[in-house]
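S.K.: The following file, run_8.cif, comprises mmCIF, C-alpha atoms:
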```cif
data_data
loop_
_atom_site.label_atom_id
_atom_site.label_comp_id
_atom_site.auth_asym_id
_atom_site.auth_seq_id
_atom_site.Cartn_x
_atom_site.Cartn_y
_atom_site.Cartn_z
CA MET A 1 -62.30 -29.01 39.03
CA GLU A 2 -60.81 -30.13 35.72
CA HIS A 3 -61.02 -26.55 34.50
CA GLU A 4 -59.04 -25.35 37.53
CA GLN A 5 -56.32 -27.97 36.97
CA SER A 6 -56.13 -26.98 33.33
CA ARG A 7 -55.59 -23.35 34.30
CA ARG A 8 -52.82 -24.30 36.71
CA LEU A 9 -51.08 -26.39 34.07
CA GLU A 10 -51.35 -23.53 31.62
CA LYS A 11 -49.82 -21.11 34.13
CA ARG A 12 -46.97 -23.53 34.77
CA ARG A 13 -46.33 -23.90 31.04
CA ARG A 14 -46.29 -20.12 30.60
CA LYS A 15 -43.96 -19.72 33.55
CA ARG A 16 -41.60 -22.35 32.16
CA CYS A 17 -41.70 -20.62 28.76
CA VAL A 18 -40.88 -17.28 30.34
CA ILE A 19 -38.02 -18.80 32.31
CA LEU A 20 -36.72 -20.54 29.17
CA ILE A 21 -36.88 -17.30 27.18
CA VAL A 22 -35.02 -15.43 29.92
CA ILE A 23 -32.33 -18.13 30.03
CA VAL A 24 -31.93 -18.02 26.23
CA VAL A 25 -31.67 -14.22 26.28
CA LEU A 26 -29.04 -14.34 29.03
CA ILE A 27 -27.04 -16.95 27.12
CA VAL A 28 -27.14 -14.78 23.97
CA ILE A 29 -26.01 -11.74 25.96
CA VAL A 30 -23.13 -13.70 27.50
CA ILE A 31 -22.08 -15.03 24.08
CA ILE A 32 -22.15 -11.53 22.57
CA ALA A 33 -20.14 -10.15 25.50
CA VAL A 34 -17.55 -12.92 25.20
CA VAL A 35 -17.25 -12.53 21.43
CA LEU A 36 -16.98 -8.75 21.75
CA GLY A 37 -14.37 -9.06 24.47
CA LEU A 38 -12.33 -11.54 22.44
CA THR A 39 -12.61 -9.31 19.35
CA LEU A 40 -11.41 -6.24 21.25
CA ARG A 41 -8.51 -8.17 22.76
CA GLN A 42 -7.65 -9.55 19.33
CA ASN A 43 -7.73 -6.06 17.80
CA LYS A 44 -5.40 -4.76 20.50
CA SER A 45 -3.19 -7.82 20.19
CA GLU A 46 -2.90 -7.42 16.40
CA PHE A 47 -2.29 -3.67 16.69
CA LYS A 48 0.37 -4.12 19.39
CA SER A 49 1.96 -6.95 17.44
CA THR A 50 2.26 -4.73 14.37
CA PHE A 51 3.69 -1.91 16.51
CA LEU A 52 6.29 -4.14 18.16
CA SER A 53 7.30 -6.00 15.01
CA ARG A 54 7.95 -2.72 13.22
CA CYS A 55 9.78 -1.34 16.24
CA GLU A 56 12.09 -4.37 16.49
CA LYS A 57 13.55 -3.50 13.09
CA PHE A 58 15.37 -0.66 14.87
CA ASP A 59 18.41 -1.88 16.80
CA GLN A 60 19.00 -1.10 20.47
CA THR A 61 15.40 -0.10 21.12
CA ASP A 62 13.36 -1.08 24.18
CA CYS A 63 10.15 -1.59 22.22
CA GLN A 64 8.03 -2.47 25.25
CA LYS A 65 9.09 0.80 26.88
CA VAL A 66 8.17 2.68 23.71
CA TRP A 67 4.78 0.91 23.58
CA ASP A 68 4.02 1.75 27.21
CA ALA A 69 4.83 5.43 26.60
CA PHE A 70 2.68 5.43 23.47
CA GLU A 71 -0.31 3.68 25.06
CA GLN A 72 -0.55 6.03 28.05
CA ALA A 73 -1.28 8.93 25.71
CA TYR A 74 -4.77 7.78 24.70
CA VAL A 75 -5.95 4.82 26.83
CA ASN A 76 -8.99 5.51 29.03
CA LYS A 77 -9.52 8.89 27.36
CA ASP A 78 -12.22 10.48 25.24
CA PRO A 79 -10.90 9.92 21.68
CA CYS A 80 -11.59 13.57 20.89
CA LYS A 81 -9.67 14.84 23.92
CA VAL A 82 -6.15 13.54 23.36
CA ALA A 83 -3.92 16.60 23.43
CA VAL A 84 -0.72 16.85 21.41
CA GLU A 85 1.21 17.06 24.69
CA ALA A 86 -0.08 13.63 25.71
CA TYR A 87 2.65 12.18 23.48
CA ASP A 88 5.50 14.05 25.20
CA PRO A 89 6.52 10.94 27.22
CA LEU A 90 6.72 9.02 23.93
CA ILE A 91 9.19 11.53 22.51
CA VAL A 92 11.27 11.13 25.68
CA ALA A 93 11.17 7.33 25.33
CA ALA A 94 12.18 7.43 21.66
CA PRO A 95 13.90 10.76 20.93
CA PHE A 96 14.68 11.81 17.37
CA LYS A 97 18.30 11.98 16.32
CA PRO A 98 19.61 14.68 13.98
CA GLN A 99 20.54 13.46 10.51
CA CYS A 100 22.05 16.57 9.01
CA ASN A 101 21.77 17.12 5.25
CA ARG A 102 19.57 14.02 4.87
CA MET A 103 16.20 15.05 6.28
CA ILE A 104 13.39 15.50 3.79
CA PHE A 105 9.94 16.90 4.53
CA TRP A 106 6.90 16.59 2.30
CA SER A 107 3.39 17.86 1.71
CA LYS A 108 0.91 16.08 -0.59
CA THR A 109 3.75 14.01 -2.08
CA LYS A 110 3.87 11.01 0.27
CA ASP A 111 3.82 8.31 -2.40
CA VAL A 112 6.47 10.03 -4.50
CA VAL A 113 8.90 10.74 -1.68
CA HIS A 114 8.53 7.30 -0.11
CA GLY A 115 8.83 5.62 -3.47
CA PHE A 116 12.20 7.33 -3.69
CA THR A 117 13.48 6.82 -0.13
CA GLU A 118 12.52 3.13 -0.15
CA LYS A 119 14.92 2.58 -3.06
CA ARG A 120 17.67 5.06 -2.28
CA ASP A 121 19.43 5.85 0.98
CA CYS A 122 19.75 9.53 0.13
CA PHE A 123 17.18 11.05 2.46
CA VAL A 124 15.19 10.27 5.60
CA THR A 125 11.50 11.11 5.97
CA LEU A 126 9.53 11.21 9.19
CA GLU A 127 8.01 7.84 8.29
CA ASP A 128 11.50 6.33 8.01
CA THR A 129 12.19 7.05 11.68
CA LEU A 130 11.25 4.75 14.56
CA LEU A 131 8.08 6.55 15.65
CA GLY A 132 6.95 7.40 12.14
CA SER A 133 7.53 3.87 10.93
CA VAL A 134 5.71 1.95 13.68
CA LEU A 135 2.44 3.85 13.21
CA ASP A 136 2.42 4.78 9.54
CA GLY A 137 -0.97 3.94 8.04
CA LEU A 138 -2.51 2.81 11.34
CA THR A 139 -5.59 4.02 13.22
CA TRP A 140 -6.13 3.75 16.96
CA CYS A 141 -7.98 5.27 19.89
CA GLY A 142 -9.05 4.60 23.46
CA LYS A 143 -12.35 5.09 25.25
CA GLU A 144 -13.20 6.49 28.64
CA GLY A 145 -13.54 3.74 31.22
CA SER A 146 -11.58 1.22 29.13
CA LYS A 147 -7.96 0.10 29.18
CA GLY A 148 -8.26 -1.17 25.62
CA THR A 149 -6.84 -0.03 22.32
CA PHE A 150 -9.45 0.22 19.59
CA THR A 151 -8.87 0.23 15.84
CA THR A 152 -12.49 0.71 14.77
CA GLY A 153 -15.04 3.30 15.78
CA CYS A 154 -12.28 5.90 16.15
CA PRO A 155 -12.77 9.53 15.02
CA GLY A 156 -11.52 10.34 11.54
CA TRP A 157 -8.55 12.61 10.83
CA SER A 158 -10.72 15.73 10.65
CA LYS A 159 -13.58 14.64 12.96
CA CYS A 160 -12.12 16.48 15.96
CA LYS A 161 -8.90 18.43 16.44
CA ASN A 162 -7.56 16.44 19.38
CA ASN A 163 -8.08 12.91 18.11
CA PRO A 164 -5.25 10.47 18.99
CA VAL A 165 -3.96 9.95 15.45
CA LEU A 166 -3.81 13.62 14.44
CA SER A 167 -2.30 14.64 17.78
CA PHE A 168 0.36 11.96 17.38
CA TRP A 169 1.42 13.10 13.92
CA ARG A 170 1.40 16.74 14.96
CA ARG A 171 3.62 15.96 17.94
CA ILE A 172 6.20 13.82 16.17
CA SER A 173 6.26 16.20 13.18
CA ALA A 174 7.29 18.94 15.59
CA ALA A 175 9.95 16.72 17.15
CA PHE A 176 11.30 15.76 13.72
CA ALA A 177 11.50 19.43 12.68
CA ASP A 178 13.23 20.31 15.96
CA VAL A 179 16.26 18.20 15.04
CA ALA A 180 16.47 19.24 11.37
CA CYS A 181 19.95 20.47 10.54
CA GLY A 182 22.28 21.36 7.69
CA ASN A 183 20.73 21.40 4.23
CA VAL A 184 17.06 20.42 4.50
CA THR A 185 14.90 19.28 1.58
CA ALA A 186 11.13 19.55 1.14
CA MET A 187 9.14 17.84 -1.60
CA LEU A 188 5.96 19.72 -2.54
CA SER A 189 3.28 19.00 -5.12
CA GLY A 190 2.83 20.91 -8.35
CA SER A 191 -0.47 19.11 -8.89
CA ILE A 192 -2.42 21.35 -6.52
CA ASP A 193 -3.25 25.04 -6.64
CA THR A 194 -1.49 25.88 -3.37
CA PRO A 195 1.67 23.80 -2.86
CA PHE A 196 2.46 25.62 0.40
CA ASN A 197 -0.80 25.52 2.32
CA SER A 198 -0.82 27.38 5.63
CA THR A 199 -3.06 24.71 7.22
CA SER A 200 -0.79 21.78 6.35
CA ILE A 201 1.43 20.15 8.97
CA PHE A 202 4.47 21.16 6.94
CA ALA A 203 3.50 24.84 7.03
CA SER A 204 1.88 25.14 10.45
CA ILE A 205 4.17 22.90 12.49
CA GLU A 206 7.41 22.01 10.74
CA VAL A 207 8.56 25.12 8.86
CA VAL A 208 7.92 27.41 11.83
CA ARG A 209 10.31 25.29 13.91
CA PHE A 210 13.22 25.53 11.49
CA GLN A 211 16.01 27.46 13.22
CA ALA A 212 18.87 29.22 11.43
CA SER A 213 21.20 28.13 14.23
CA ARG A 214 20.81 24.54 13.00
CA ILE A 215 19.61 24.80 9.39
CA LYS A 216 21.69 26.25 6.60
CA SER A 217 19.23 25.98 3.71
CA LEU A 218 15.80 24.76 2.65
CA ASN A 219 15.75 23.27 -0.82
CA VAL A 220 12.26 22.77 -2.26
CA VAL A 221 11.68 20.11 -4.90
CA MET A 222 8.45 20.91 -6.74
CA VAL A 223 7.14 17.64 -8.14
CA LEU A 224 5.59 18.13 -11.57
CA GLN A 225 3.22 15.74 -13.29
CA GLN A 226 1.24 16.12 -16.50
CA ASN A 227 -1.14 19.07 -16.38
CA ALA A 228 0.67 20.57 -13.39
CA LYS A 229 -1.23 23.38 -11.68
CA SER A 230 1.72 25.14 -10.04
CA ASN A 231 5.49 25.36 -10.01
CA CYS A 232 8.30 27.21 -8.25
CA THR A 233 6.83 30.56 -9.26
CA ASP A 234 3.62 29.94 -7.30
CA SER A 235 2.70 32.83 -5.00
CA SER A 236 2.20 30.55 -2.00
CA LEU A 237 5.94 29.92 -1.96
CA ASN A 238 6.44 33.58 -1.08
CA ASN A 239 4.70 32.74 2.19
CA LEU A 240 7.11 29.87 2.67
CA ARG A 241 10.11 32.15 2.20
CA GLN A 242 8.68 34.68 4.61
CA SER A 243 8.05 31.95 7.19
CA LEU A 244 11.68 30.88 7.27
CA ASP A 245 13.89 31.98 10.10
CA THR A 246 16.27 34.76 9.06
CA GLY A 247 19.53 33.22 7.90
CA ILE A 248 18.08 30.13 6.23
CA THR A 249 18.65 30.28 2.49
CA TYR A 250 15.88 29.17 0.15
CA SER A 251 15.85 27.53 -3.26
CA CYS A 252 13.23 25.78 -5.39
CA LYS A 253 13.54 23.53 -8.40
CA ASP A 254 10.84 22.10 -10.65
CA VAL A 255 11.42 18.38 -11.11
CA HIS A 256 9.25 16.00 -13.11
CA GLU A 257 8.05 12.94 -11.22
CA SER A 258 9.51 10.72 -13.93
CA ARG A 259 12.99 12.07 -13.10
CA ILE A 260 12.52 11.21 -9.41
CA GLN A 261 11.39 7.70 -10.34
CA GLU A 262 14.37 7.30 -12.67
CA CYS A 263 16.74 8.39 -9.94
CA GLY A 264 15.17 5.94 -7.52
CA ALA A 265 15.58 3.08 -9.98
CA LYS A 266 19.20 3.88 -10.92
CA PRO A 267 21.58 3.79 -7.95
CA GLU A 268 24.42 4.88 -10.21
CA ILE A 269 22.89 8.37 -10.26
CA ALA A 270 24.40 10.32 -7.36
CA CYS A 271 21.92 11.62 -4.78
CA GLY A 272 23.00 15.17 -5.45
CA ALA A 273 22.34 14.80 -9.18
CA CYS A 274 18.70 13.69 -8.80
CA TRP A 275 17.52 17.29 -9.07
#
```
For this file, produce the structure as structure tokens.
M.R.:
Amino acid sequence: MEHEQSRRLEKRRRKRCVILIVIVVLIVIVIIAVVLGLTLRQNKSEFKSTFLSRCEKFDQTDCQKVWDAFEQAYVNKDPCKVAVEAYDPLIVAAPFKPQCNRMIFWSKTKDVVHGFTEKRDCFVTLEDTLLGSVLDGLTWCGKEGSKGTFTTGCPGWSKCKNNPVLSFWRRISAAFADVACGNVTAMLSGSIDTPFNSTSIFASIEVVRFQASRIKSLNVVMVLQQNAKSNCTDSSLNNLRQSLDTGITYSCKDVHESRIQECGAKPEIACGACW
């Protein structure tokens, strides 16, 4: 009899232990879900806050409208299946405006060209425009079945062709090139073997959209550093010349990086005299 009661008590204790373990596990799951949800909302909130704060630096811009057009391109989509065209509504919401004789393109010279344009109001890069500015240096993506914006776990630049970041930059690079006009400048790097690389965004998207009806000339600034690997005589630049629409004149000048830095630091040097 005592043995039977002991068995029953043991069963009850085991049952209570099992129930307690289940409750603890459920609590842990709920806590993880809440923390994860708060983290994701915080990530989106921080990302959107950065987007909007950068956007608000541009006068007469409906930044919420621009955000809505941007977000629809990638939200609730496979992050490797965001087509370039998905950003078409964004271009409509924030169209590029021609800035004739002031537009400068670049390839492998981002730090140099931005170091210059940040100090001198001579030229405008893609990253100086509204759309280029709000997303410069940022990473984002969506996920199927989610309305969220993610900043981690997103595919890298070269992970898949149609990732949201690469598609964005390809699309706005095309839009920027479409409004190029007058005398256009391009800053290329003399520190690499092939300054005009056919796979670069400059070569594959921007140059091919230059139209002689809008553009008078393309002036290449070849940035030279110590132990430069190429200059204006590089054979790849022949491909650049051949890629230009008939009627666009071409010129190239080797300029040491130190000269560009000097020009950026001395506003008394006229923009036209920098190279």
S.K.: Rounded to one decimal in Å, what is the spacing between CA of Cys141 in chain A and CA of Pro164 in chain A?
M.R.: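 Calculated distance between CA of Cys141 in chain A and CA of Pro164 in chain A is 5.9 Å.
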S.K.: State, in Å with one decimal place, the distance from CA of Arg170 in chain A to CA of Ile248 in chain A.
M.R.: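 Separation between CA of Arg170 in chain A and CA of Ile248 in chain A: 23.1 Å.
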S.K.: As a VMD selection string, please: the residues near Lys229 in chain A (cut-off 12 Å, only C-alpha atoms, same-chain neighbours under 2 positions excluded).
M.R.: chain A and resid 189 to 195 222 to 227 231 to 234
S.K.: Please write the residues from the selection above to a file, keeping C-alpha atoms, as a compact mmCIF listing (two decimals), in the frame of the given file.
M.R.:
```txt
# COMPACT_ATOMS: atom_id res chain seq x y z
CA SER A 189 3.28 19.00 -5.12
CA GLY A 190 2.83 20.91 -8.35
CA SER A 191 -0.47 19.11 -8.89
CA ILE A 192 -2.42 21.35 -6.52
CA ASP A 193 -3.25 25.04 -6.64
CA THR A 194 -1.49 25.88 -3.37
CA PRO A 195 1.67 23.80 -2.86
CA MET A 222 8.45 20.91 -6.74
CA VAL A 223 7.14 17.64 -8.14
CA LEU A 224 5.59 18.13 -11.57
CA GLN A 225 3.22 15.74 -13.29
CA GLN A 226 1.24 16.12 -16.50
CA ASN A 227 -1.14 19.07 -16.38
CA ASN A 231 5.49 25.36 -10.01
CA CYS A 232 8.30 27.21 -8.25
CA THR A 233 6.83 30.56 -9.26
CA ASP A 234 3.62 29.94 -7.30
```
S.K.: To one decimal place, how far is CA of Pro98 in chain A from CA of Arg171 in chain A in Å?
M.R.: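 If I compute the distance from CA of Pro98 in chain A to CA of Arg171 in chain A, I get 16.5 Å.
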S.K.: With all atoms listed in the file as the atoms that count, which of A:Ser258, A:Phe196, A:Cys55, A:Gly264 lies nearest to Leu240 in chain A?
M.R.: A:Phe196
S.K.: As a check of understanding, name the residues that the PyMOL selection byres ((chain A and resi 116-124) around 10) selects in the supplied structure, as number ranges by chain.
M.R.: A: 99-105, 110-115, 125-129, 184-185, 260-267, 270-272, 274
S.K.: Find the residue from A:Ser133, A:Thr149, A:Thr109, A:Ser217 that sits nearest to Gln72 in chain A; use all atoms listed in the file when measuring.
M.R.: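 Result for the nearest residue to Gln72 in chain A: A:Thr149.
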S.K.: Apply the PyMOL selection byres ((chain A and resi 179) around 12) to the displayed file and report the matching residues as a VMD selection string.
M.R.: chain A and resid 95 to 104 126 172 to 178 180 to 182 184 206 209 to 215
S.K.: Name the residues that the PyMOL selection byres ((chain A and resi 241) around 12) picks from the file above, as a list in words, using the file's chain letters and numbers.
M.R.: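 After applying the PyMOL selection byres ((chain A and resi 241) around 12), what remains is Phe196, Ala203, Val207, Val208, Phe210, Ser217, Leu218, Asn219, Val220, Cys232, Asp234, Ser235, Ser236, Leu237, Asn238, Asn239, Leu240, Gln242, Ser243, Leu244, Asp245, Thr246, Gly247, Ile248, Thr249, Tyr250, Ser251 and Cys252 of chain A.
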S.K.: Can you write out the residues you just picked, keeping C-alpha atoms, as a CSV table (one decimal), in the frame of the given file?
M.R.:
```csv
chain,number,residue,atom,x,y,z
A,196,PHE,CA,2.5,25.6,0.4
A,203,ALA,CA,3.5,24.8,7.0
A,207,VAL,CA,8.6,25.1,8.9
A,208,VAL,CA,7.9,27.4,11.8
A,210,PHE,CA,13.2,25.5,11.5
A,217,SER,CA,19.2,26.0,3.7
A,218,LEU,CA,15.8,24.8,2.6
A,219,ASN,CA,15.8,23.3,-0.8
A,220,VAL,CA,12.3,22.8,-2.3
A,232,CYS,CA,8.3,27.2,-8.2
A,234,ASP,CA,3.6,29.9,-7.3
A,235,SER,CA,2.7,32.8,-5.0
A,236,SER,CA,2.2,30.6,-2.0
A,237,LEU,CA,5.9,29.9,-2.0
A,238,ASN,CA,6.4,33.6,-1.1
A,239,ASN,CA,4.7,32.7,2.2
A,240,LEU,CA,7.1,29.9,2.7
A,242,GLN,CA,8.7,34.7,4.6
A,243,SER,CA,8.0,32.0,7.2
A,244,LEU,CA,11.7,30.9,7.3
A,245,ASP,CA,13.9,32.0,10.1
A,246,THR,CA,16.3,34.8,9.1
A,247,GLY,CA,19.5,33.2,7.9
A,248,ILE,CA,18.1,30.1,6.2
A,249,THR,CA,18.6,30.3,2.5
A,250,TYR,CA,15.9,29.2,0.2
A,251,SER,CA,15.8,27.5,-3.3
A,252,CYS,CA,13.2,25.8,-5.4
```
S.K.: Using all atoms listed in the file for the distances, tell me which of A:Val221, A:Val134, A:Val84, A:Val66 is nearest to Trp169 in chain A.
M.R.: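 Checking each candidate against Trp169 in chain A, we get A:Val84 as the closest.
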S.K.: So that I can see what lies close to Gly156 in chain A, please list as a list in words the residues with an atom at most 12 Å from it, counting only C-alpha atoms and leaving out residues fewer than 4 positions away in the same chain.
M.R.: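 What passes the distance filter is Pro79, Cys80, Leu138, Thr139, Trp140, Cys141, Thr151, Thr152, Cys160, Lys161, Asn162, Asn163, Pro164, Val165, Leu166 and Ser167 of chain A.
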S.K.: Looking at A:Leu131, A:Ala86, A:Ala186, A:Val75, which one is nearest to Gly145 in chain A, with distances taken over all atoms listed in the file?
M.R.: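 So, comparing all the options, the nearest one is A:Val75.
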S.K.: Pick from A:Glu144, A:Glu46, A:Asp59, A:Asp136: nearest to Tyr74 in chain A, with all atoms listed in the file counted?
M.R.: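 Of all the options, A:Glu144 lies closest to Tyr74 in chain A.
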S.K.: Here is a test: counting all atoms listed in the file, which residue of A:Leu135, A:Ser198, A:Leu188, A:Ile205 is nearest to Lys253 in chain A?
M.R.: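 Ranking A:Leu135, A:Ser198, A:Leu188, A:Ile205 by distance to Lys253 in chain A, first place goes to A:Leu188.
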S.K.: As a short mmCIF file (atom, residue, chain, number, x, y, z; two decimals), in the coordinates of the input, please: range 165-182 of chain A completed to N, CA, C and O atoms.
M.R.:
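Once written, out17.cif looks like this:
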```
data_model
loop_
_atom_site.label_atom_id
_atom_site.label_comp_id
_atom_site.auth_asym_id
_atom_site.auth_seq_id
_atom_site.Cartn_x
_atom_site.Cartn_y
_atom_site.Cartn_z
N VAL A 165 -4.83 10.11 16.62
CA VAL A 165 -3.96 9.95 15.45
C VAL A 165 -3.40 11.30 15.00
O VAL A 165 -2.19 11.45 14.80
N LEU A 166 -4.27 12.30 14.87
CA LEU A 166 -3.81 13.62 14.44
C LEU A 166 -2.84 14.22 15.46
O LEU A 166 -1.81 14.79 15.10
N SER A 167 -3.18 14.09 16.74
CA SER A 167 -2.30 14.64 17.78
C SER A 167 -0.93 13.97 17.74
O SER A 167 0.10 14.63 17.95
N PHE A 168 -0.92 12.67 17.48
CA PHE A 168 0.36 11.96 17.38
C PHE A 168 1.21 12.52 16.25
O PHE A 168 2.39 12.84 16.45
N TRP A 169 0.63 12.64 15.06
CA TRP A 169 1.42 13.10 13.92
C TRP A 169 1.84 14.56 14.07
O TRP A 169 2.93 14.95 13.61
N ARG A 170 1.00 15.35 14.70
CA ARG A 170 1.40 16.74 14.96
C ARG A 170 2.59 16.79 15.91
O ARG A 170 3.53 17.56 15.72
N ARG A 171 2.54 15.94 16.93
CA ARG A 171 3.62 15.96 17.94
C ARG A 171 4.94 15.45 17.37
O ARG A 171 6.00 16.07 17.60
N ILE A 172 4.93 14.34 16.65
CA ILE A 172 6.20 13.82 16.17
C ILE A 172 6.72 14.63 14.98
O ILE A 172 7.93 14.67 14.74
N SER A 173 5.81 15.29 14.25
CA SER A 173 6.26 16.20 13.18
C SER A 173 7.06 17.35 13.77
O SER A 173 8.09 17.77 13.22
N ALA A 174 6.58 17.86 14.91
CA ALA A 174 7.29 18.94 15.59
C ALA A 174 8.65 18.46 16.08
O ALA A 174 9.67 19.16 15.93
N ALA A 175 8.69 17.26 16.64
CA ALA A 175 9.95 16.72 17.15
C ALA A 175 10.94 16.46 16.02
O ALA A 175 12.15 16.69 16.18
N PHE A 176 10.45 16.00 14.88
CA PHE A 176 11.30 15.76 13.72
C PHE A 176 11.88 17.08 13.21
O PHE A 176 13.07 17.18 12.90
N ALA A 177 11.04 18.11 13.15
CA ALA A 177 11.50 19.43 12.68
C ALA A 177 12.50 20.04 13.66
O ALA A 177 13.41 20.77 13.25
N ASP A 178 12.34 19.74 14.94
CA ASP A 178 13.23 20.31 15.96
C ASP A 178 14.67 19.85 15.81
O ASP A 178 15.59 20.54 16.29
N VAL A 179 14.89 18.69 15.17
CA VAL A 179 16.26 18.20 15.04
C VAL A 179 16.79 18.36 13.62
O VAL A 179 17.88 17.88 13.30
N ALA A 180 16.01 19.01 12.74
CA ALA A 180 16.47 19.24 11.37
C ALA A 180 17.73 20.09 11.38
O ALA A 180 17.83 21.05 12.14
N CYS A 181 18.68 19.73 10.52
CA CYS A 181 19.95 20.47 10.54
C CYS A 181 20.65 20.38 9.18
O CYS A 181 20.37 19.49 8.37
N GLY A 182 21.54 21.33 8.94
CA GLY A 182 22.28 21.36 7.69
C GLY A 182 21.41 21.80 6.53
O GLY A 182 20.60 22.73 6.64
#
```
